[in-house]
Amino acid sequence: MITFHNPLHQGHAPVHEFFRGERVPCFEKPARVDYVEEALRARGHSMLAPDVDSSPVLAQVHAPRYLGFLQTAWQQWLALDPVANATVQPFPSVWPVRTLRSDVEPDNFVARLGLYSMDNGTPMAAGTWAAAKAGADAAASAAARVAQGDRAAFCCTRPPGHHAGPDFMGGYCFLNNAAVAAQALRNQGARRVALLDVDYHHGNGTQSIFYARDDVLFVSLHGDPRTEYPFYLGHADEVGEGKGTGYNLNLPLPAGTSAATWFEALEQAYTRIGGYQADALVISLGLDAFEGDPISRFALASADFTRLGERLARLGLPTVFVLEGGYAAAELGTNAVNVLDGFEQ
Ligand code: SP5
Ligand code: ZN
């Protein structure tokens, strides 16, 4: 399969995140993608550098003021204290929840960071913007190949994207790569795009970006938000709004769900996508449904990812795969490439 890698992902290397008030090493680390690239090479998949500028598509899926903030966030942080802040990660500490105003951008940097964040679990580093932008370029590049007639392409990137909403970062995500791929396919002639998210965590950002639209169907299999991140979205009663009513399908499953039950839910996703008459498919390919994932609680084995790829191929649609989460780093390469090889069998 044609794959696009992200030549700048190593520049996004924050050191720690918070867990129950303690600093812990970042789960979303550069080694993840190094393992996937190694597995791609070992199994003979071609790896290309991104060759499409995603800027116009980013402007269709994200708010201009959010993109403006993100692009210079690190420089703004450094400007506060060029020496000390070079080795400290910025974290938000205040958020405009309910009754508070989000229409006025505060001058204070940390207040703006809170305005554009859903959590304090999305650390930034010096190279975050460059890495996220190159990843969005890789997603747009993969979409372009599929729009030009390739059966499938894989965007191998980090940071992930599916928690990033129209105007906020969250859940290790800054730019929504899968939304970029779906929008790019629309721009290049696909009338309807189905977007299936198999990451363990609900793709709240992607859902929100397309919630009022009927030209992109969002379907997601994920841990029940009553107990699992992102907690505040991903319930079964979220069906879309306005023109988008009926074009959002959430299939939440309890933590601890077996592979057998997971594949039954996949059949429901499959049936909905089959009835949509899509011209193209985007897969938000999180591998954190894996039994060995350190922060998730589903039980897919490595061989189940091959089965997932086989099943997805039977939809018969031109398909863009976009890497999302998956934190069992050493197994991530095998699991990701199993999906691609299953698809191509
Ligand atoms: C893209 C993606 O998969 N994002 C996931 C974001 C999850 N953020 C919450 C992480 C909570 C980590 N909990 C650590 C539990 C250790 N036992
Ligand atoms: Zn995830």
# chains A, B, ... in the order shown; residues from 1 in each chain; ligands from 1
>>> closest_atom_pairs(of="segment 25-120 of chain A", to="segment 306-323 of chain A", cutoff="12 Å", atoms="only C-alpha atoms", output="CSV")
residue,atom,partner,partner_atom,distance
A:Arg32,CA,A:Leu323,CA,10.5
A:Val33,CA,A:Leu323,CA,9.1
A:Val36,CA,A:Leu323,CA,9.6
A:Glu37,CA,A:Leu323,CA,11.6
>>> residues_near_ligand(ligand="ligand 2", cutoff="6 Å", atoms="only C-alpha atoms and all ligand atoms", output="ChimeraX atom specification")
/A:199-201,286,288,325
>>> select_by_dssp(residues="segment 106-207 of chain A", states="alpha helix (DSSP H)", output="PDB file with N, CA and C atoms, in the first residue's frame")
ATOM      1  N   PHE A 109      -1.512  34.394  27.661  1.00  0.00           N
ATOM      2  CA  PHE A 109      -1.234  33.190  26.867  1.00  0.00           C
ATOM      3  C   PHE A 109      -1.877  31.928  27.453  1.00  0.00           C
ATOM      4  N   VAL A 110      -1.732  31.714  28.736  1.00  0.00           N
ATOM      5  CA  VAL A 110      -2.272  30.486  29.339  1.00  0.00           C
ATOM      6  C   VAL A 110      -3.804  30.478  29.266  1.00  0.00           C
ATOM      7  N   ALA A 111      -4.408  31.653  29.344  1.00  0.00           N
ATOM      8  CA  ALA A 111      -5.862  31.745  29.192  1.00  0.00           C
ATOM      9  C   ALA A 111      -6.276  31.412  27.758  1.00  0.00           C
ATOM     10  N   ARG A 112      -5.465  31.860  26.781  1.00  0.00           N
ATOM     11  CA  ARG A 112      -5.767  31.488  25.381  1.00  0.00           C
ATOM     12  C   ARG A 112      -5.574  29.989  25.173  1.00  0.00           C
ATOM     13  N   LEU A 113      -4.546  29.428  25.820  1.00  0.00           N
ATOM     14  CA  LEU A 113      -4.299  27.984  25.718  1.00  0.00           C
ATOM     15  C   LEU A 113      -5.516  27.208  26.240  1.00  0.00           C
ATOM     16  N   GLY A 114      -6.105  27.681  27.340  1.00  0.00           N
ATOM     17  CA  GLY A 114      -7.313  27.041  27.876  1.00  0.00           C
ATOM     18  C   GLY A 114      -8.499  27.193  26.934  1.00  0.00           C
ATOM     19  N   LEU A 115      -8.630  28.379  26.338  1.00  0.00           N
ATOM     20  CA  LEU A 115      -9.710  28.620  25.378  1.00  0.00           C
ATOM     21  C   LEU A 115      -9.675  27.603  24.233  1.00  0.00           C
ATOM     22  N   THR A 128       5.869  21.187  17.739  1.00  0.00           N
ATOM     23  CA  THR A 128       4.503  20.648  17.639  1.00  0.00           C
ATOM     24  C   THR A 128       3.773  21.141  16.395  1.00  0.00           C
ATOM     25  N   TRP A 129       3.793  22.449  16.148  1.00  0.00           N
ATOM     26  CA  TRP A 129       3.068  22.944  14.974  1.00  0.00           C
ATOM     27  C   TRP A 129       3.626  22.321  13.684  1.00  0.00           C
ATOM     28  N   ALA A 130       4.959  22.322  13.548  1.00  0.00           N
ATOM     29  CA  ALA A 130       5.558  21.788  12.322  1.00  0.00           C
ATOM     30  C   ALA A 130       5.190  20.315  12.140  1.00  0.00           C
ATOM     31  N   ALA A 131       5.195  19.552  13.246  1.00  0.00           N
ATOM     32  CA  ALA A 131       4.860  18.130  13.160  1.00  0.00           C
ATOM     33  C   ALA A 131       3.382  17.939  12.804  1.00  0.00           C
ATOM     34  N   ALA A 132       2.514  18.694  13.478  1.00  0.00           N
ATOM     35  CA  ALA A 132       1.080  18.548  13.220  1.00  0.00           C
ATOM     36  C   ALA A 132       0.747  18.957  11.785  1.00  0.00           C
ATOM     37  N   LYS A 133       1.361  20.052  11.321  1.00  0.00           N
ATOM     38  CA  LYS A 133       1.096  20.521   9.950  1.00  0.00           C
ATOM     39  C   LYS A 133       1.599  19.504   8.919  1.00  0.00           C
ATOM     40  N   ALA A 134       2.792  18.952   9.130  1.00  0.00           N
ATOM     41  CA  ALA A 134       3.318  17.951   8.194  1.00  0.00           C
ATOM     42  C   ALA A 134       2.422  16.705   8.202  1.00  0.00           C
ATOM     43  N   GLY A 135       1.835  16.380   9.357  1.00  0.00           N
ATOM     44  CA  GLY A 135       0.912  15.244   9.437  1.00  0.00           C
ATOM     45  C   GLY A 135      -0.362  15.504   8.647  1.00  0.00           C
ATOM     46  N   ALA A 136      -0.886  16.719   8.765  1.00  0.00           N
ATOM     47  CA  ALA A 136      -2.075  17.082   7.983  1.00  0.00           C
ATOM     48  C   ALA A 136      -1.746  17.050   6.487  1.00  0.00           C
ATOM     49  N   ASP A 137      -0.527  17.477   6.136  1.00  0.00           N
ATOM     50  CA  ASP A 137      -0.081  17.388   4.731  1.00  0.00           C
ATOM     51  C   ASP A 137      -0.041  15.922   4.278  1.00  0.00           C
ATOM     52  N   ALA A 138       0.405  15.038   5.164  1.00  0.00           N
ATOM     53  CA  ALA A 138       0.459  13.602   4.827  1.00  0.00           C
ATOM     54  C   ALA A 138      -0.952  13.050   4.615  1.00  0.00           C
ATOM     55  N   ALA A 139      -1.909  13.504   5.434  1.00  0.00           N
ATOM     56  CA  ALA A 139      -3.302  13.060   5.271  1.00  0.00           C
ATOM     57  C   ALA A 139      -3.866  13.572   3.948  1.00  0.00           C
ATOM     58  N   ALA A 140      -3.584  14.833   3.624  1.00  0.00           N
ATOM     59  CA  ALA A 140      -4.056  15.404   2.355  1.00  0.00           C
ATOM     60  C   ALA A 140      -3.389  14.703   1.171  1.00  0.00           C
ATOM     61  N   SER A 141      -2.124  14.307   1.339  1.00  0.00           N
ATOM     62  CA  SER A 141      -1.399  13.604   0.274  1.00  0.00           C
ATOM     63  C   SER A 141      -2.004  12.227   0.028  1.00  0.00           C
ATOM     64  N   ALA A 142      -2.332  11.520   1.115  1.00  0.00           N
ATOM     65  CA  ALA A 142      -2.945  10.190   0.988  1.00  0.00           C
ATOM     66  C   ALA A 142      -4.316  10.315   0.316  1.00  0.00           C
ATOM     67  N   ALA A 143      -5.081  11.338   0.696  1.00  0.00           N
ATOM     68  CA  ALA A 143      -6.403  11.553   0.091  1.00  0.00           C
ATOM     69  C   ALA A 143      -6.270  11.855  -1.400  1.00  0.00           C
ATOM     70  N   ALA A 144      -5.246  12.636  -1.756  1.00  0.00           N
ATOM     71  CA  ALA A 144      -5.047  12.987  -3.179  1.00  0.00           C
ATOM     72  C   ALA A 144      -4.781  11.733  -4.012  1.00  0.00           C
ATOM     73  N   ARG A 145      -3.965  10.813  -3.480  1.00  0.00           N
ATOM     74  CA  ARG A 145      -3.662   9.585  -4.224  1.00  0.00           C
ATOM     75  C   ARG A 145      -4.928   8.763  -4.435  1.00  0.00           C
ATOM     76  N   VAL A 146      -5.746   8.691  -3.404  1.00  0.00           N
ATOM     77  CA  VAL A 146      -6.983   7.901  -3.506  1.00  0.00           C
ATOM     78  C   VAL A 146      -7.962   8.600  -4.451  1.00  0.00           C
ATOM     79  N   ALA A 147      -8.032   9.923  -4.379  1.00  0.00           N
ATOM     80  CA  ALA A 147      -8.913  10.671  -5.292  1.00  0.00           C
ATOM     81  C   ALA A 147      -8.472  10.474  -6.745  1.00  0.00           C
ATOM     82  N   ASN A 177      -6.423  15.108  11.346  1.00  0.00           N
ATOM     83  CA  ASN A 177      -5.928  14.542  10.088  1.00  0.00           C
ATOM     84  C   ASN A 177      -7.008  13.775   9.327  1.00  0.00           C
ATOM     85  N   ALA A 178      -7.851  13.040  10.036  1.00  0.00           N
ATOM     86  CA  ALA A 178      -8.905  12.269   9.361  1.00  0.00           C
ATOM     87  C   ALA A 178      -9.937  13.208   8.740  1.00  0.00           C
ATOM     88  N   ALA A 179     -10.250  14.310   9.444  1.00  0.00           N
ATOM     89  CA  ALA A 179     -11.180  15.295   8.876  1.00  0.00           C
ATOM     90  C   ALA A 179     -10.571  15.942   7.635  1.00  0.00           C
ATOM     91  N   VAL A 180      -9.270  16.190   7.684  1.00  0.00           N
ATOM     92  CA  VAL A 180      -8.572  16.737   6.502  1.00  0.00           C
ATOM     93  C   VAL A 180      -8.705  15.765   5.330  1.00  0.00           C
ATOM     94  N   ALA A 181      -8.487  14.481   5.592  1.00  0.00           N
ATOM     95  CA  ALA A 181      -8.586  13.477   4.513  1.00  0.00           C
ATOM     96  C   ALA A 181     -10.004  13.445   3.940  1.00  0.00           C
ATOM     97  N   ALA A 182     -11.016  13.439   4.824  1.00  0.00           N
ATOM     98  CA  ALA A 182     -12.403  13.363   4.360  1.00  0.00           C
ATOM     99  C   ALA A 182     -12.775  14.614   3.547  1.00  0.00           C
ATOM    100  N   GLN A 183     -12.396  15.781   4.064  1.00  0.00           N
ATOM    101  CA  GLN A 183     -12.712  17.033   3.368  1.00  0.00           C
ATOM    102  C   GLN A 183     -11.967  17.113   2.032  1.00  0.00           C
ATOM    103  N   ALA A 184     -10.728  16.648   2.019  1.00  0.00           N
ATOM    104  CA  ALA A 184      -9.941  16.658   0.774  1.00  0.00           C
ATOM    105  C   ALA A 184     -10.592  15.753  -0.276  1.00  0.00           C
ATOM    106  N   LEU A 185     -11.096  14.591   0.152  1.00  0.00           N
ATOM    107  CA  LEU A 185     -11.787  13.698  -0.789  1.00  0.00           C
ATOM    108  C   LEU A 185     -13.039  14.369  -1.335  1.00  0.00           C
ATOM    109  N   ARG A 186     -13.799  15.048  -0.486  1.00  0.00           N
ATOM    110  CA  ARG A 186     -14.977  15.811  -0.930  1.00  0.00           C
ATOM    111  C   ARG A 186     -14.573  16.858  -1.963  1.00  0.00           C
ATOM    112  N   ASN A 187     -13.506  17.595  -1.664  1.00  0.00           N
ATOM    113  CA  ASN A 187     -13.058  18.665  -2.563  1.00  0.00           C
ATOM    114  C   ASN A 187     -12.658  18.120  -3.935  1.00  0.00           C
ATOM    115  N   ASN A 204     -14.292  12.577  19.254  1.00  0.00           N
ATOM    116  CA  ASN A 204     -15.180  13.725  19.497  1.00  0.00           C
ATOM    117  C   ASN A 204     -14.919  14.882  18.534  1.00  0.00           C
ATOM    118  N   GLY A 205     -13.653  15.096  18.191  1.00  0.00           N
ATOM    119  CA  GLY A 205     -13.326  16.220  17.305  1.00  0.00           C
ATOM    120  C   GLY A 205     -13.914  16.008  15.921  1.00  0.00           C
ATOM    121  N   THR A 206     -13.736  14.813  15.391  1.00  0.00           N
ATOM    122  CA  THR A 206     -14.250  14.498  14.066  1.00  0.00           C
ATOM    123  C   THR A 206     -15.771  14.568  14.059  1.00  0.00           C
ATOM    124  N   GLN A 207     -16.400  13.983  15.079  1.00  0.00           N
ATOM    125  CA  GLN A 207     -17.867  14.054  15.171  1.00  0.00           C
ATOM    126  C   GLN A 207     -18.332  15.508  15.125  1.00  0.00           C
TER     127      GLN A 207
END
>>> residues_near_ligand(ligand="ligand 1", cutoff="6 Å", atoms="only C-alpha atoms and all ligand atoms", output="ChimeraX atom specification")
/A:160,171-172,201,229,295,324-325
>>> closest_residue(among="A:Val282, A:Ala255, A:Val239, A:Met118", to="Arg226 of chain A", atoms="only C-alpha atoms")
A:Ala255
>>> residues_around(residues="segment 124-127 of chain A", least_positions_apart="3", cutoff="12 Å", atoms="only C-alpha atoms", output="PyMOL selection string")
chain A and resi 7-17+26+28-29+70-78+85-92+113+117+120-121+130-134+158-159+169-174
>>> write_last_selection(atoms="C-alpha atoms", output="mmCIF file, in the first residue's frame")
data_model
loop_
_atom_site.group_PDB
_atom_site.id
_atom_site.type_symbol
_atom_site.label_atom_id
_atom_site.label_comp_id
_atom_site.auth_asym_id
_atom_site.auth_seq_id
_atom_site.Cartn_x
_atom_site.Cartn_y
_atom_site.Cartn_z
ATOM 1 C CA PRO A 7 9.239 13.637 8.260
ATOM 2 C CA LEU A 8 8.815 16.134 11.124
ATOM 3 C CA HIS A 9 7.058 14.005 13.768
ATOM 4 C CA GLN A 10 10.199 13.741 15.945
ATOM 5 C CA GLY A 11 9.975 17.483 16.636
ATOM 6 C CA HIS A 12 6.802 16.846 18.631
ATOM 7 C CA ALA A 13 8.386 15.258 21.691
ATOM 8 C CA PRO A 14 6.960 16.632 24.926
ATOM 9 C CA VAL A 15 8.411 14.850 27.958
ATOM 10 C CA HIS A 16 5.550 14.462 30.401
ATOM 11 C CA GLU A 17 1.795 14.577 30.829
ATOM 12 C CA CYS A 26 4.074 10.873 27.589
ATOM 13 C CA GLU A 28 2.073 9.497 22.772
ATOM 14 C CA LYS A 29 5.813 9.380 21.989
ATOM 15 C CA LEU A 70 -1.541 27.019 17.184
ATOM 16 C CA GLN A 71 0.891 28.144 14.525
ATOM 17 C CA THR A 72 2.679 30.548 16.869
ATOM 18 C CA ALA A 73 1.774 29.053 20.274
ATOM 19 C CA TRP A 74 5.325 27.942 21.087
ATOM 20 C CA GLN A 75 6.798 31.368 20.179
ATOM 21 C CA GLN A 76 4.134 33.033 22.342
ATOM 22 C CA TRP A 77 5.084 30.735 25.211
ATOM 23 C CA LEU A 78 8.798 31.478 24.771
ATOM 24 C CA ASN A 85 10.163 28.309 29.104
ATOM 25 C CA ALA A 86 12.438 26.677 26.514
ATOM 26 C CA THR A 87 12.593 23.606 28.757
ATOM 27 C CA VAL A 88 9.109 23.764 30.321
ATOM 28 C CA GLN A 89 5.876 22.574 28.699
ATOM 29 C CA PRO A 90 2.903 24.920 28.676
ATOM 30 C CA PHE A 91 -0.318 23.526 30.185
ATOM 31 C CA PRO A 92 -3.711 25.214 30.409
ATOM 32 C CA LEU A 113 -4.299 27.984 25.718
ATOM 33 C CA SER A 117 -7.970 23.130 24.743
ATOM 34 C CA ASN A 120 -4.572 19.416 30.164
ATOM 35 C CA GLY A 121 -3.507 16.126 28.551
ATOM 36 C CA ALA A 130 5.558 21.788 12.322
ATOM 37 C CA ALA A 131 4.860 18.130 13.160
ATOM 38 C CA ALA A 132 1.080 18.548 13.220
ATOM 39 C CA LYS A 133 1.096 20.521 9.950
ATOM 40 C CA ALA A 134 3.318 17.951 8.194
ATOM 41 C CA ARG A 158 1.727 11.517 14.888
ATOM 42 C CA PRO A 159 0.523 13.519 16.773
ATOM 43 C CA MET A 169 -6.836 20.616 20.801
ATOM 44 C CA GLY A 170 -7.191 17.655 23.175
ATOM 45 C CA GLY A 171 -6.329 14.001 23.759
ATOM 46 C CA TYR A 172 -2.801 14.358 22.260
ATOM 47 C CA CYS A 173 -4.365 15.856 19.078
ATOM 48 C CA PHE A 174 -3.883 19.274 17.438
#
>>> closest_residue(among="A:Ala260, A:Ala212, A:Leu221, A:His45", to="Gly240 of chain A", atoms="only C-alpha atoms")
A:Ala212
>>> atom_distance(atom1="atom CA of Ala280 of chain A", atom2="atom CA of Pro252 of chain A")
24.0 Å
>>> select_by_dssp(residues="segment 135-285 of chain A", states="strand (DSSP E)", output="compact mmCIF listing (two decimals) with C-alpha atoms, in the first residue's frame")
# COMPACT_ATOMS: atom_id res chain seq x y z
CA ALA A 152 -5.98 2.82 -0.72
CA ALA A 153 -3.31 4.87 1.03
CA PHE A 154 -2.05 5.05 4.61
CA CYS A 155 -1.09 8.22 6.47
CA CYS A 156 1.51 7.20 9.07
CA VAL A 193 -17.46 10.15 2.36
CA ALA A 194 -17.88 7.61 5.17
CA LEU A 195 -15.51 8.07 8.11
CA LEU A 196 -15.12 5.07 10.43
CA ASP A 197 -13.24 5.59 13.68
CA VAL A 216 -19.61 12.98 5.64
CA LEU A 217 -21.03 10.06 7.65
CA PHE A 218 -19.25 9.59 10.97
CA VAL A 219 -19.36 6.13 12.58
CA SER A 220 -17.38 5.27 15.71
CA LEU A 221 -16.71 2.16 17.83
CA HIS A 222 -15.26 3.13 21.20
CA GLY A 223 -15.13 2.72 24.95
CA ASN A 248 -23.63 10.25 13.01
CA LEU A 249 -23.54 6.76 14.54
CA ASN A 250 -21.89 6.05 17.89
CA LEU A 251 -21.42 2.47 19.03
CA PRO A 252 -20.10 2.74 22.60
CA LEU A 253 -18.96 -0.53 24.21
CA ALA A 280 -14.81 6.94 -0.43
CA LEU A 281 -13.93 5.74 3.04
CA VAL A 282 -11.62 7.21 5.69
CA ILE A 283 -10.53 5.04 8.60
CA SER A 284 -9.38 6.72 11.81
CA LEU A 285 -7.00 3.89 12.60
>>> closest_residue(among="A:Val61, A:Val24, A:Ala301, A:Leu233", to="Ala259 of chain A", atoms="only C-alpha atoms")
A:Ala301
>>> atom_distance(atom1="atom CA of Tyr276 of chain A", atom2="atom CA of Asp215 of chain A")
9.8 Å
>>> closest_residue(among="A:Val52, A:Leu80, A:Ile2, A:Ala39", to="Asn335 of chain A", atoms="only C-alpha atoms")
A:Ala39
>>> atom_distance(atom1="atom CA of Trp262 of chain A", atom2="atom CA of Phe298 of chain A")
8.3 Å
